[in-house]
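Asks: Supplied structure: protein_31.txt, compact mmCIF, C-alpha atoms and all ligand atoms.
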# COMPACT_ATOMS: atom_id res chain seq x y z
CA MET A 1 -32.86 12.76 -18.11
CA THR A 2 -33.12 14.12 -14.55
CA ALA A 3 -29.98 14.55 -12.53
CA SER A 4 -29.90 14.61 -8.76
CA THR A 5 -27.39 17.25 -7.70
CA ALA A 6 -25.61 18.81 -4.76
CA SER A 7 -25.07 22.52 -5.37
CA PRO A 8 -23.00 24.39 -6.35
CA LEU A 9 -21.41 22.05 -8.89
CA PRO A 10 -17.80 22.54 -9.99
CA SER A 11 -16.95 23.08 -13.66
CA VAL A 12 -13.17 22.68 -13.52
CA ASN A 13 -11.24 19.56 -12.58
CA ARG A 14 -7.63 19.75 -11.40
CA GLN A 15 -5.56 16.71 -12.39
CA PHE A 16 -1.94 15.61 -12.16
CA VAL A 17 -0.53 14.14 -15.36
CA LEU A 18 2.87 12.52 -15.86
CA ARG A 19 5.21 15.06 -17.44
CA ALA A 20 8.52 13.15 -17.47
CA ARG A 21 9.78 9.67 -16.69
CA PRO A 22 11.89 9.94 -13.54
CA VAL A 23 15.54 9.05 -13.29
CA GLY A 24 16.15 7.84 -9.73
CA MET A 25 13.85 9.33 -7.10
CA PRO A 26 10.88 11.13 -8.76
CA LYS A 27 10.89 14.94 -8.66
CA GLU A 28 7.89 17.25 -8.37
CA SER A 29 8.70 18.50 -11.88
CA ASP A 30 7.99 14.98 -13.24
CA PHE A 31 4.29 15.82 -12.72
CA GLN A 32 2.16 18.61 -14.16
CA LEU A 33 -0.97 20.09 -12.64
CA VAL A 34 -3.55 20.68 -15.39
CA GLU A 35 -7.15 21.83 -15.49
CA ALA A 36 -9.88 20.07 -17.45
CA ARG A 37 -13.54 20.92 -17.98
CA ILE A 38 -16.01 18.65 -16.21
CA PRO A 39 -18.42 17.28 -18.84
CA ALA A 40 -22.20 17.17 -18.31
CA LEU A 41 -23.44 13.77 -17.19
CA THR A 42 -25.22 11.46 -19.60
CA GLN A 43 -27.79 8.91 -18.41
CA GLY A 44 -26.34 6.32 -15.97
CA GLN A 45 -23.34 8.40 -14.87
CA LEU A 46 -22.27 10.03 -11.64
CA LEU A 47 -19.91 12.83 -10.68
CA LEU A 48 -17.47 12.09 -7.87
CA ALA A 49 -15.62 14.57 -5.67
CA THR A 50 -12.36 13.09 -4.40
CA LEU A 51 -11.92 13.00 -0.62
CA PHE A 52 -8.78 10.84 -0.29
CA LEU A 53 -6.03 9.80 -2.68
CA SER A 54 -4.01 6.70 -1.88
CA VAL A 55 -0.24 7.14 -2.04
CA ASP A 56 1.49 3.86 -2.92
CA PRO A 57 5.03 2.77 -3.83
CA TYR A 58 3.78 0.88 -6.94
CA MET A 59 3.05 4.29 -8.52
CA ARG A 60 6.81 4.67 -9.04
CA GLY A 61 6.72 1.56 -11.26
CA ARG A 62 3.87 2.99 -13.36
CA MET A 63 6.07 6.01 -14.19
CA THR A 64 8.84 3.96 -15.85
CA GLY A 65 7.16 3.31 -19.19
CA ILE A 66 7.77 -0.42 -18.82
CA ARG A 67 4.87 -2.89 -18.69
CA THR A 68 5.15 -5.21 -15.70
CA TYR A 69 1.97 -6.78 -14.32
CA ALA A 70 0.13 -3.56 -15.24
CA ASP A 71 0.28 -0.96 -18.00
CA PRO A 72 2.56 2.04 -17.46
CA VAL A 73 1.17 5.60 -17.33
CA ASP A 74 1.82 7.44 -20.61
CA ILE A 75 3.34 10.90 -20.71
CA GLY A 76 0.41 13.36 -20.46
CA GLN A 77 -1.89 10.75 -18.88
CA VAL A 78 -3.56 11.32 -15.50
CA MET A 79 -1.61 9.40 -12.83
CA VAL A 80 -3.41 6.26 -11.69
CA GLY A 81 -4.31 5.42 -8.11
CA GLY A 82 -6.89 4.33 -5.55
CA THR A 83 -9.41 6.94 -4.41
CA VAL A 84 -12.28 7.59 -2.04
CA GLY A 85 -14.90 10.18 -2.89
CA LYS A 86 -18.43 11.42 -2.60
CA VAL A 87 -21.20 11.36 -5.21
CA ILE A 88 -22.18 14.99 -5.91
CA GLN A 89 -24.38 14.49 -8.98
CA THR A 90 -26.02 11.38 -10.37
CA THR A 91 -28.21 10.03 -13.12
CA HIS A 92 -27.32 6.47 -12.07
CA PRO A 93 -30.17 4.50 -10.51
CA GLN A 94 -27.94 2.76 -7.95
CA PHE A 95 -26.14 5.83 -6.54
CA GLN A 96 -27.46 8.82 -4.61
CA VAL A 97 -25.95 12.21 -3.91
CA GLY A 98 -23.96 11.86 -0.68
CA ASP A 99 -22.93 8.22 -1.21
CA VAL A 100 -19.28 7.66 -0.30
CA VAL A 101 -17.43 5.23 -2.59
CA ALA A 102 -13.99 3.76 -3.16
CA GLY A 103 -12.61 3.39 -6.67
CA TYR A 104 -9.61 3.91 -8.90
CA TRP A 105 -10.04 7.21 -10.69
CA GLY A 106 -6.48 8.49 -10.12
CA TRP A 107 -4.92 11.82 -9.28
CA GLN A 108 -7.81 14.22 -9.90
CA GLU A 109 -10.22 16.24 -7.79
CA PHE A 110 -13.34 15.08 -9.66
CA ALA A 111 -14.29 12.16 -11.90
CA VAL A 112 -17.24 11.13 -14.04
CA SER A 113 -18.02 7.43 -13.62
CA ASP A 114 -20.50 4.88 -14.96
CA GLY A 115 -20.43 3.20 -11.56
CA LYS A 116 -18.36 0.20 -12.68
CA GLY A 117 -15.70 -0.82 -10.16
CA LEU A 118 -17.04 1.48 -7.45
CA GLN A 119 -17.56 0.10 -3.96
CA LYS A 120 -20.10 1.85 -1.73
CA LEU A 121 -18.75 2.49 1.76
CA ASP A 122 -20.68 2.70 5.01
CA PRO A 123 -19.02 5.48 7.06
CA HIS A 124 -20.76 4.06 10.16
CA VAL A 125 -18.81 0.79 9.85
CA ALA A 126 -15.32 2.29 9.39
CA PRO A 127 -13.84 5.68 8.43
CA PRO A 128 -13.88 5.91 4.59
CA SER A 129 -10.09 6.32 4.37
CA THR A 130 -9.65 2.74 5.66
CA ALA A 131 -10.90 1.51 2.25
CA LEU A 132 -7.46 2.60 0.96
CA GLY A 133 -5.55 1.09 3.89
CA VAL A 134 -6.32 -1.55 6.47
CA LEU A 135 -9.62 -2.59 4.81
CA GLY A 136 -8.39 -2.01 1.27
CA MET A 137 -5.54 -3.07 -1.02
CA PRO A 138 -2.70 -2.80 1.57
CA GLY A 139 -4.77 -4.73 4.13
CA MET A 140 -5.44 -7.51 1.63
CA THR A 141 -1.75 -7.55 0.67
CA ALA A 142 -0.80 -8.12 4.31
CA TYR A 143 -3.57 -10.66 4.98
CA PHE A 144 -3.20 -12.94 1.95
CA GLY A 145 0.47 -12.27 1.24
CA PHE A 146 1.41 -13.32 4.76
CA LEU A 147 -1.14 -16.01 5.62
CA ASP A 148 -1.30 -17.78 2.24
CA ILE A 149 2.37 -17.63 1.38
CA CYS A 150 4.16 -17.74 4.75
CA GLN A 151 1.60 -20.10 6.34
CA PRO A 152 2.74 -19.10 9.85
CA LYS A 153 2.56 -21.51 12.79
CA PRO A 154 2.47 -20.66 16.51
CA ALA A 155 5.89 -20.04 18.08
CA GLU A 156 7.58 -19.53 14.72
CA SER A 157 9.65 -16.41 14.14
CA ALA A 158 8.29 -13.97 11.54
CA VAL A 159 10.39 -11.09 10.24
CA VAL A 160 8.90 -8.23 8.24
CA SER A 161 10.80 -5.47 6.45
CA GLY A 162 9.13 -2.12 5.74
CA ALA A 163 7.47 -2.93 9.06
CA ALA A 164 6.09 0.52 9.92
CA GLY A 165 4.37 1.04 6.57
CA ALA A 166 0.81 0.37 5.44
CA VAL A 167 1.38 -3.31 4.65
CA GLY A 168 4.21 -4.18 7.04
CA SER A 169 2.55 -2.78 10.18
CA LEU A 170 -0.40 -5.11 9.56
CA VAL A 171 1.76 -8.15 8.73
CA GLY A 172 3.53 -7.98 12.10
CA GLN A 173 0.23 -7.73 13.95
CA ILE A 174 -1.25 -10.66 12.01
CA ALA A 175 1.89 -12.64 12.88
CA LYS A 176 1.20 -11.89 16.58
CA ILE A 177 -2.46 -12.91 16.22
CA LYS A 178 -1.23 -16.24 14.78
CA GLY A 179 1.08 -16.77 17.78
CA CYS A 180 4.41 -15.98 16.10
CA ARG A 181 7.32 -13.98 17.44
CA ALA A 182 7.14 -10.83 15.29
CA VAL A 183 10.31 -8.93 14.43
CA GLY A 184 10.11 -5.68 12.45
CA ILE A 185 12.68 -3.73 10.44
CA ALA A 186 12.01 -0.03 9.83
CA GLY A 187 13.81 3.25 9.20
CA SER A 188 13.54 5.42 12.33
CA ASP A 189 13.61 5.16 16.13
CA ASP A 190 10.06 6.62 16.34
CA LYS A 191 8.81 3.90 14.02
CA ILE A 192 10.56 1.24 16.13
CA ARG A 193 8.91 2.61 19.30
CA TRP A 194 5.48 2.43 17.62
CA LEU A 195 6.08 -1.18 16.50
CA THR A 196 7.26 -2.51 19.84
CA GLY A 197 4.89 -0.28 21.85
CA GLU A 198 1.36 0.20 20.54
CA LEU A 199 1.54 -2.58 17.93
CA GLY A 200 3.04 -5.24 20.19
CA PHE A 201 5.88 -6.50 17.96
CA ASP A 202 8.26 -8.62 20.07
CA ALA A 203 11.31 -6.81 18.69
CA ALA A 204 12.26 -4.33 15.98
CA PHE A 205 15.32 -2.45 14.83
CA ASN A 206 16.17 0.67 12.86
CA TYR A 207 18.09 -0.51 9.80
CA LYS A 208 19.44 3.01 9.25
CA ALA A 209 21.22 2.80 12.62
CA SER A 210 22.55 -0.74 12.07
CA GLY A 211 26.09 -0.90 10.77
CA ASN A 212 25.80 -4.61 9.97
CA TYR A 213 22.40 -6.03 8.99
CA ALA A 214 23.53 -9.67 9.27
CA GLN A 215 24.84 -9.16 12.80
CA THR A 216 21.80 -7.16 13.97
CA LEU A 217 19.37 -9.71 12.52
CA LYS A 218 21.27 -12.51 14.28
CA GLU A 219 20.88 -10.69 17.60
CA PHE A 220 17.17 -10.04 17.02
CA CYS A 221 16.40 -13.55 15.72
CA PRO A 222 18.43 -15.88 17.97
CA ARG A 223 16.37 -18.91 16.85
CA GLY A 224 16.53 -18.15 13.14
CA ILE A 225 13.74 -17.08 10.79
CA ASP A 226 10.76 -19.22 9.77
CA CYS A 227 8.72 -16.59 7.90
CA TYR A 228 10.07 -13.55 6.08
CA PHE A 229 7.70 -10.98 4.60
CA ASP A 230 9.79 -8.93 2.19
CA ASN A 231 8.68 -5.39 1.40
CA VAL A 232 12.08 -3.95 0.56
CA GLY A 233 14.57 -6.43 -1.01
CA GLY A 234 18.20 -5.36 -1.46
CA PRO A 235 20.83 -5.78 1.26
CA LEU A 236 18.28 -6.34 4.08
CA THR A 237 16.84 -9.36 2.30
CA ASP A 238 20.33 -10.60 1.45
CA ALA A 239 21.07 -10.56 5.19
CA VAL A 240 17.94 -12.59 6.00
CA LEU A 241 18.90 -15.54 3.76
CA PRO A 242 21.65 -17.16 5.90
CA LEU A 243 19.31 -17.06 8.94
CA LEU A 244 16.46 -19.02 7.36
CA ASN A 245 15.39 -22.07 9.32
CA LEU A 246 14.63 -25.46 7.79
CA ARG A 247 11.54 -25.16 5.50
CA ALA A 248 11.30 -21.39 5.95
CA ARG A 249 8.87 -19.42 3.77
CA MET A 250 9.60 -16.05 2.17
CA SER A 251 6.73 -13.95 0.85
CA ILE A 252 8.11 -11.54 -1.75
CA CYS A 253 5.73 -8.59 -1.59
CA GLY A 254 7.82 -5.57 -2.62
CA GLN A 255 11.38 -4.47 -3.44
CA ILE A 256 11.16 -0.78 -2.61
CA SER A 257 14.93 -0.46 -2.08
CA GLN A 258 15.29 -1.07 -5.83
CA TYR A 259 12.46 1.02 -7.30
CA ASN A 260 14.59 4.11 -7.90
CA ALA A 261 17.71 2.23 -9.00
CA ALA A 262 18.81 3.04 -12.54
CA GLN A 263 20.58 -0.34 -12.78
CA PRO A 264 19.75 -3.53 -10.81
CA GLU A 265 22.03 -3.66 -7.76
CA PRO A 266 24.31 -6.68 -7.51
CA GLY A 267 23.27 -9.00 -4.68
CA VAL A 268 23.88 -12.42 -3.20
CA ARG A 269 22.79 -15.57 -5.03
CA PRO A 270 19.83 -16.81 -2.96
CA TYR A 271 19.36 -20.34 -4.28
CA ILE A 272 22.03 -22.06 -2.19
CA HIS A 273 20.18 -20.84 0.92
CA LEU A 274 16.82 -22.04 -0.37
CA LEU A 275 18.36 -25.37 -1.35
CA THR A 276 20.14 -26.16 1.89
CA LYS A 277 17.20 -24.96 4.05
CA GLN A 278 14.59 -26.62 1.80
CA ALA A 279 13.01 -23.17 1.90
CA ARG A 280 10.50 -21.50 -0.39
CA ALA A 281 10.42 -17.92 -1.76
CA GLU A 282 7.24 -16.89 -3.56
CA GLY A 283 6.28 -13.58 -5.13
CA PHE A 284 2.68 -12.44 -5.40
CA ILE A 285 0.50 -9.62 -6.69
CA VAL A 286 -2.43 -8.91 -4.39
CA SER A 287 -4.96 -9.01 -7.23
CA GLN A 288 -4.42 -12.78 -7.51
CA PHE A 289 -6.50 -13.08 -4.31
CA ALA A 290 -9.33 -10.79 -5.52
CA ASP A 291 -12.01 -13.48 -5.41
CA ARG A 292 -11.35 -13.88 -1.64
CA PHE A 293 -11.09 -10.18 -0.69
CA HIS A 294 -14.52 -10.29 0.97
CA GLN A 295 -13.20 -12.91 3.42
CA GLY A 296 -10.05 -10.88 4.11
CA VAL A 297 -11.98 -7.63 4.68
CA ARG A 298 -14.45 -9.39 7.01
CA GLN A 299 -11.61 -10.87 9.11
CA MET A 300 -9.57 -7.65 9.25
CA ALA A 301 -12.69 -5.66 10.27
CA GLU A 302 -13.38 -8.18 13.03
CA TRP A 303 -9.80 -7.95 14.35
CA LEU A 304 -10.09 -4.14 14.29
CA LYS A 305 -13.32 -4.30 16.29
CA GLU A 306 -11.76 -6.69 18.80
CA GLY A 307 -8.79 -4.33 19.22
CA LYS A 308 -6.35 -7.00 17.97
CA LEU A 309 -5.38 -4.88 15.00
CA LYS A 310 -4.41 -1.20 15.03
CA TYR A 311 -3.60 1.12 12.16
CA ARG A 312 -2.17 4.57 11.63
CA GLU A 313 -2.47 7.01 8.74
CA THR A 314 -0.09 9.76 7.67
CA VAL A 315 -2.41 12.28 6.03
CA ILE A 316 -1.09 15.14 3.90
CA GLU A 317 -3.64 17.88 3.31
CA GLY A 318 -4.20 19.35 -0.14
CA PHE A 319 -4.51 17.87 -3.63
CA GLU A 320 -1.57 19.97 -4.85
CA ASN A 321 0.72 18.03 -2.47
CA MET A 322 0.21 14.65 -4.16
CA PRO A 323 3.62 14.55 -5.94
CA ARG A 324 5.33 15.50 -2.68
CA ALA A 325 3.42 12.73 -0.89
CA LEU A 326 4.57 10.09 -3.39
CA ILE A 327 8.19 11.23 -3.05
CA GLY A 328 7.62 11.13 0.73
CA VAL A 329 6.35 7.54 0.82
CA LEU A 330 9.33 6.38 -1.25
CA GLY A 331 11.65 8.12 1.20
CA GLY A 332 9.99 6.87 4.41
CA ASP A 333 8.09 10.00 5.55
CA ASN A 334 5.04 7.91 6.43
CA THR A 335 4.12 5.84 9.45
CA GLY A 336 1.30 3.48 8.48
CA LYS A 337 -0.76 4.33 5.42
CA MET A 338 0.16 7.45 3.39
CA LEU A 339 -2.87 9.43 2.14
CA VAL A 340 -3.62 12.81 0.66
CA ALA A 341 -6.83 14.45 1.88
CA VAL A 342 -8.57 16.68 -0.65
CA ARG A 343 -10.50 19.57 0.90
CA GLN A 344 -13.70 19.92 -1.08
CA ALA A 345 -15.67 23.15 -0.69
CA LEU A 346 -18.99 21.42 -1.30
P1 LIG B 1 4.84 1.70 2.94
O1 LIG B 1 5.59 0.59 3.61
O2 LIG B 1 3.71 2.32 3.67
O3 LIG B 1 5.83 2.84 2.49
C1 LIG B 1 7.05 2.54 1.94
C2 LIG B 1 8.14 2.42 3.02
O4 LIG B 1 9.28 1.79 2.47
C3 LIG B 1 8.66 3.77 3.49
O5 LIG B 1 7.85 4.31 4.50
C4 LIG B 1 10.07 3.44 3.96
O6 LIG B 1 10.05 3.22 5.37
C5 LIG B 1 10.40 2.11 3.28
N1 LIG B 1 11.60 2.24 2.42
C6 LIG B 1 11.84 3.14 1.45
N2 LIG B 1 13.05 2.93 0.91
C7 LIG B 1 13.59 1.88 1.58
C8 LIG B 1 14.85 1.19 1.49
N3 LIG B 1 15.79 1.53 0.59
N4 LIG B 1 15.07 0.15 2.33
C9 LIG B 1 14.13 -0.20 3.23
N5 LIG B 1 12.93 0.40 3.36
C10 LIG B 1 12.67 1.44 2.54
O7 LIG B 1 4.30 1.13 1.55
P2 LIG B 1 3.24 -0.03 1.37
O8 LIG B 1 2.14 0.48 0.53
O9 LIG B 1 2.96 -0.66 2.68
O10 LIG B 1 4.07 -1.06 0.48
C11 LIG B 1 5.13 -1.81 1.07
C12 LIG B 1 5.78 -2.66 -0.02
O11 LIG B 1 4.83 -3.60 -0.52
C13 LIG B 1 6.26 -1.87 -1.23
O12 LIG B 1 7.44 -2.45 -1.70
C14 LIG B 1 5.14 -2.05 -2.23
O13 LIG B 1 5.59 -1.90 -3.55
C15 LIG B 1 4.71 -3.49 -1.91
N6 LIG B 1 3.34 -3.84 -2.26
C16 LIG B 1 3.17 -4.96 -3.00
C17 LIG B 1 1.90 -5.40 -3.30
C18 LIG B 1 1.75 -6.66 -4.07
O14 LIG B 1 0.66 -6.93 -4.58
N7 LIG B 1 2.79 -7.47 -4.16
C19 LIG B 1 0.79 -4.65 -2.88
C20 LIG B 1 1.00 -3.50 -2.10
C21 LIG B 1 2.30 -3.10 -1.78
P3 LIG B 1 11.40 3.23 6.28
O15 LIG B 1 11.32 4.47 7.09
O16 LIG B 1 11.22 1.99 7.11
O17 LIG B 1 12.58 3.19 5.36
Give the structure from the file, written as structure tokens.
Ligand code: NAP

Replies:
Amino acid sequence: MTASTASPLPSVNRQFVLRARPVGMPKESDFQLVEARIPALTQGQLLLATLFLSVDPYMRGRMTGIRTYADPVDIGQVMVGGTVGKVIQTTHPQFQVGDVVAGYWGWQEFAVSDGKGLQKLDPHVAPPSTALGVLGMPGMTAYFGFLDICQPKPAESAVVSGAAGAVGSLVGQIAKIKGCRAVGIAGSDDKIRWLTGELGFDAAFNYKASGNYAQTLKEFCPRGIDCYFDNVGGPLTDAVLPLLNLRARMSICGQISQYNAAQPEPGVRPYIHLLTKQARAEGFIVSQFADRFHQGVRQMAEWLKEGKLKYRETVIEGFENMPRALIGVLGGDNTGKMLVAVRQAL
């Protein structure tokens, strides 16, 4: 076996494993930084050096120990997550040293892979980090979750919660591209300025400064709501229900306001609103659209090139800051896509 190699090669891999199942908001002590030896490659393998780690709210769900649509992370297991990295050693015929790839090797600085599930990236087409954001899972969530489920029509009103995050910031812009009136809900005045300024939302409000969600929504949506893209659930979504127009569509993407709740919060009963408005609420998991991702990525890349779509990244430097970054995304520290950049001395 001959291995193609970039030198010097590392021998130690730093990883974050789950130490404890969180109660409420995760704490840094729920994670443990461990060191593992990097094994020698066998034929058909490659060694990856992580460049970017994706930081996503769903990771909170994987820490609970409960199986939902995916398996939970076990205590002592490396935390799961999307990644972008560089090939630094290879015995795999289809990968060369220097190739940049996206994959799902979790919270670790290095990974040995057999190449399965890796997607080669062309850094000339788009910055590699976009494979974890606008051209990756969050981008596909916005594209299919909004277009397939809300089926927006020109002049309709589209409301998105979690509007300044990775998914929500794209949903509002897609709503504009489709001719809708886009209204965003987010958690700071700076985020609201970004939405209504650079991103071109028609209106947006800071829910943390609103004393009465129902009243504020009424002011911001004087002609009711045709499409609602729900990233947060809880009292904001409760306040949307009475404003639904006839045959409105709700795309249930996330419920982040509930992810740290020890007990389900009591809420309004939604069905009377769906009944009287002949409305539809539909949940989805982005992987259900996997066989059409190539179409979604092609369209999003085209909109980016045409300047119709903009994106922002909040990048935290340093692998050791990954737990802090996850706690940060759950608490609203990010504008756009939250990432951790891993400095590799290679
Ligand atoms: P994100 O929006 O970039 O980050 C999460 C944001 O949620 C925070 O920045 C924070 O912004 C907001 N937030 C936190 N607690 C909140 C609360 N109590 N009420 C209202 N907003 C709150 O994350 P993302 O990756 O784009 O994901 C957005 C949602 O989509 C999440 O719920 C996620 O689980 C879901 N998701 C679902 C799928 C799927 O397949 N269904 C795929 C990807 C993501 P503020 O400053 O505005 O509070």

Asks: Quick one: of A:Ala164, A:Ile75, A:Ala111, A:Ile177, who's nearest to ligand LIG 1 (chain B), counting all atoms listed in the file?

Replies: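 Ranked by minimum distance to ligand LIG 1 (chain B), first place goes to A:Ala164.
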
Asks: Please return as a ChimeraX atom specification the residues found within 8 Å of ligand LIG 1 (chain B), counting only C-alpha atoms and all ligand atoms.

Replies: /A:55-58,137-138,141,145,161-169,185-188,191,206-208,230-234,236,252-258,283-287,328-338

Asks: Between atom CA of A:His124 and atom CA of A:Leu46, what is the spacing in Å?

Replies: 22.7 Å

Asks: One decimal, in Å: what's the spacing between atom CA of A:Ala301 and atom CA of A:Gln173?

Replies: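 Between these atoms lies a distance of 13.6 Å.
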
Asks: Quick one: of A:Tyr213, A:Tyr271, A:Tyr69, A:Tyr311, who's nearest to A:Leu195, counting all atoms listed in the file?

Replies: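 Closest residue, counting all atoms listed in the file: A:Tyr311.
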
Asks: Quick one: everything within 9 Å of A:Gln89, counting only C-alpha atoms, minus sequence neighbours fewer than 2 positions away in the same chain. Send it as an mmCIF file with C-alpha atoms, keeping the file's coordinate frame.

Replies:
data_model
loop_
_atom_site.group_PDB
_atom_site.id
_atom_site.type_symbol
_atom_site.label_atom_id
_atom_site.label_comp_id
_atom_site.auth_asym_id
_atom_site.auth_seq_id
_atom_site.Cartn_x
_atom_site.Cartn_y
_atom_site.Cartn_z
ATOM 1 C CA ALA A 3 -29.980 14.550 -12.530
ATOM 2 C CA SER A 4 -29.900 14.610 -8.760
ATOM 3 C CA THR A 5 -27.390 17.250 -7.700
ATOM 4 C CA ALA A 6 -25.610 18.810 -4.760
ATOM 5 C CA SER A 7 -25.070 22.520 -5.370
ATOM 6 C CA LEU A 9 -21.410 22.050 -8.890
ATOM 7 C CA LEU A 41 -23.440 13.770 -17.190
ATOM 8 C CA GLN A 45 -23.340 8.400 -14.870
ATOM 9 C CA LEU A 46 -22.270 10.030 -11.640
ATOM 10 C CA LEU A 47 -19.910 12.830 -10.680
ATOM 11 C CA LEU A 48 -17.470 12.090 -7.870
ATOM 12 C CA VAL A 87 -21.200 11.360 -5.210
ATOM 13 C CA THR A 91 -28.210 10.030 -13.120
ATOM 14 C CA GLN A 96 -27.460 8.820 -4.610
ATOM 15 C CA VAL A 97 -25.950 12.210 -3.910
ATOM 16 C CA GLY A 98 -23.960 11.860 -0.680
#

Asks: Could you check which of A:Phe95, A:Phe220, A:Phe52, A:Phe31 is closest to A:Glu313, using all atoms listed in the file?

Replies: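 For A:Glu313, the nearest of the candidates is A:Phe52.
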
Asks: Using atom CA of A:Met250 and atom CA of A:Phe201 as the two end points, give the distance in Å to one decimal.

Replies: 18.8 Å

Asks: Excluding A:Leu243 and residues on its chain fewer than 6 positions from it, collect all residues at most 10 Å away from it, counting all atoms listed in the file, and give them as number ranges by chain.

Replies: A: 214, 217-218, 221-226, 273, 277

Asks: Any chance you could model N, CA, C and O atoms for stretch 89-104 of chain A and send them as a PDB file, in the frame of the given file?

Replies:
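What follows is the written file selection_17.pdb:
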ATOM      1  N   GLN A  89     -23.310  14.386  -7.982  1.00  0.00           N
ATOM      2  CA  GLN A  89     -24.380  14.490  -8.980  1.00  0.00           C
ATOM      3  C   GLN A  89     -24.565  13.101  -9.559  1.00  0.00           C
ATOM      4  O   GLN A  89     -23.575  12.371  -9.737  1.00  0.00           O
ATOM      5  N   THR A  90     -25.809  12.728  -9.846  1.00  0.00           N
ATOM      6  CA  THR A  90     -26.020  11.380 -10.370  1.00  0.00           C
ATOM      7  C   THR A  90     -27.250  11.270 -11.257  1.00  0.00           C
ATOM      8  O   THR A  90     -28.268  11.902 -11.002  1.00  0.00           O
ATOM      9  N   THR A  91     -27.076  10.474 -12.319  1.00  0.00           N
ATOM     10  CA  THR A  91     -28.210  10.030 -13.120  1.00  0.00           C
ATOM     11  C   THR A  91     -28.214   8.501 -13.113  1.00  0.00           C
ATOM     12  O   THR A  91     -28.773   7.860 -13.981  1.00  0.00           O
ATOM     13  N   HIS A  92     -27.479   7.926 -12.174  1.00  0.00           N
ATOM     14  CA  HIS A  92     -27.320   6.470 -12.070  1.00  0.00           C
ATOM     15  C   HIS A  92     -28.318   5.950 -11.051  1.00  0.00           C
ATOM     16  O   HIS A  92     -28.341   6.435  -9.911  1.00  0.00           O
ATOM     17  N   PRO A  93     -29.111   4.942 -11.424  1.00  0.00           N
ATOM     18  CA  PRO A  93     -30.170   4.500 -10.510  1.00  0.00           C
ATOM     19  C   PRO A  93     -29.661   3.928  -9.193  1.00  0.00           C
ATOM     20  O   PRO A  93     -30.383   3.928  -8.200  1.00  0.00           O
ATOM     21  N   GLN A  94     -28.409   3.426  -9.183  1.00  0.00           N
ATOM     22  CA  GLN A  94     -27.940   2.760  -7.950  1.00  0.00           C
ATOM     23  C   GLN A  94     -27.105   3.672  -7.030  1.00  0.00           C
ATOM     24  O   GLN A  94     -26.599   3.215  -6.003  1.00  0.00           O
ATOM     25  N   PHE A  95     -26.936   4.933  -7.402  1.00  0.00           N
ATOM     26  CA  PHE A  95     -26.140   5.830  -6.540  1.00  0.00           C
ATOM     27  C   PHE A  95     -26.923   7.107  -6.252  1.00  0.00           C
ATOM     28  O   PHE A  95     -27.621   7.626  -7.123  1.00  0.00           O
ATOM     29  N   GLN A  96     -26.777   7.586  -5.013  1.00  0.00           N
ATOM     30  CA  GLN A  96     -27.460   8.820  -4.610  1.00  0.00           C
ATOM     31  C   GLN A  96     -26.417   9.875  -4.252  1.00  0.00           C
ATOM     32  O   GLN A  96     -25.301   9.524  -3.840  1.00  0.00           O
ATOM     33  N   VAL A  97     -26.825  11.134  -4.363  1.00  0.00           N
ATOM     34  CA  VAL A  97     -25.950  12.210  -3.910  1.00  0.00           C
ATOM     35  C   VAL A  97     -25.638  11.976  -2.427  1.00  0.00           C
ATOM     36  O   VAL A  97     -26.535  11.656  -1.638  1.00  0.00           O
ATOM     37  N   GLY A  98     -24.363  12.075  -2.071  1.00  0.00           N
ATOM     38  CA  GLY A  98     -23.960  11.860  -0.680  1.00  0.00           C
ATOM     39  C   GLY A  98     -23.339  10.488  -0.451  1.00  0.00           C
ATOM     40  O   GLY A  98     -22.651  10.281   0.557  1.00  0.00           O
ATOM     41  N   ASP A  99     -23.569   9.536  -1.380  1.00  0.00           N
ATOM     42  CA  ASP A  99     -22.930   8.220  -1.210  1.00  0.00           C
ATOM     43  C   ASP A  99     -21.409   8.397  -1.210  1.00  0.00           C
ATOM     44  O   ASP A  99     -20.862   9.187  -2.002  1.00  0.00           O
ATOM     45  N   VAL A 100     -20.746   7.648  -0.339  1.00  0.00           N
ATOM     46  CA  VAL A 100     -19.280   7.660  -0.300  1.00  0.00           C
ATOM     47  C   VAL A 100     -18.792   6.342  -0.898  1.00  0.00           C
ATOM     48  O   VAL A 100     -19.290   5.273  -0.532  1.00  0.00           O
ATOM     49  N   VAL A 101     -17.864   6.431  -1.853  1.00  0.00           N
ATOM     50  CA  VAL A 101     -17.430   5.230  -2.590  1.00  0.00           C
ATOM     51  C   VAL A 101     -15.911   5.174  -2.682  1.00  0.00           C
ATOM     52  O   VAL A 101     -15.230   6.201  -2.616  1.00  0.00           O
ATOM     53  N   ALA A 102     -15.412   3.955  -2.858  1.00  0.00           N
ATOM     54  CA  ALA A 102     -13.990   3.760  -3.160  1.00  0.00           C
ATOM     55  C   ALA A 102     -13.881   3.334  -4.616  1.00  0.00           C
ATOM     56  O   ALA A 102     -14.770   2.642  -5.127  1.00  0.00           O
ATOM     57  N   GLY A 103     -12.817   3.749  -5.268  1.00  0.00           N
ATOM     58  CA  GLY A 103     -12.610   3.390  -6.670  1.00  0.00           C
ATOM     59  C   GLY A 103     -11.169   3.614  -7.067  1.00  0.00           C
ATOM     60  O   GLY A 103     -10.270   3.623  -6.217  1.00  0.00           O
ATOM     61  N   TYR A 104     -10.982   3.813  -8.357  1.00  0.00           N
ATOM     62  CA  TYR A 104      -9.610   3.910  -8.900  1.00  0.00           C
ATOM     63  C   TYR A 104      -9.596   4.938 -10.012  1.00  0.00           C
ATOM     64  O   TYR A 104      -9.331   4.622 -11.159  1.00  0.00           O
TER      65      TYR A 104
END
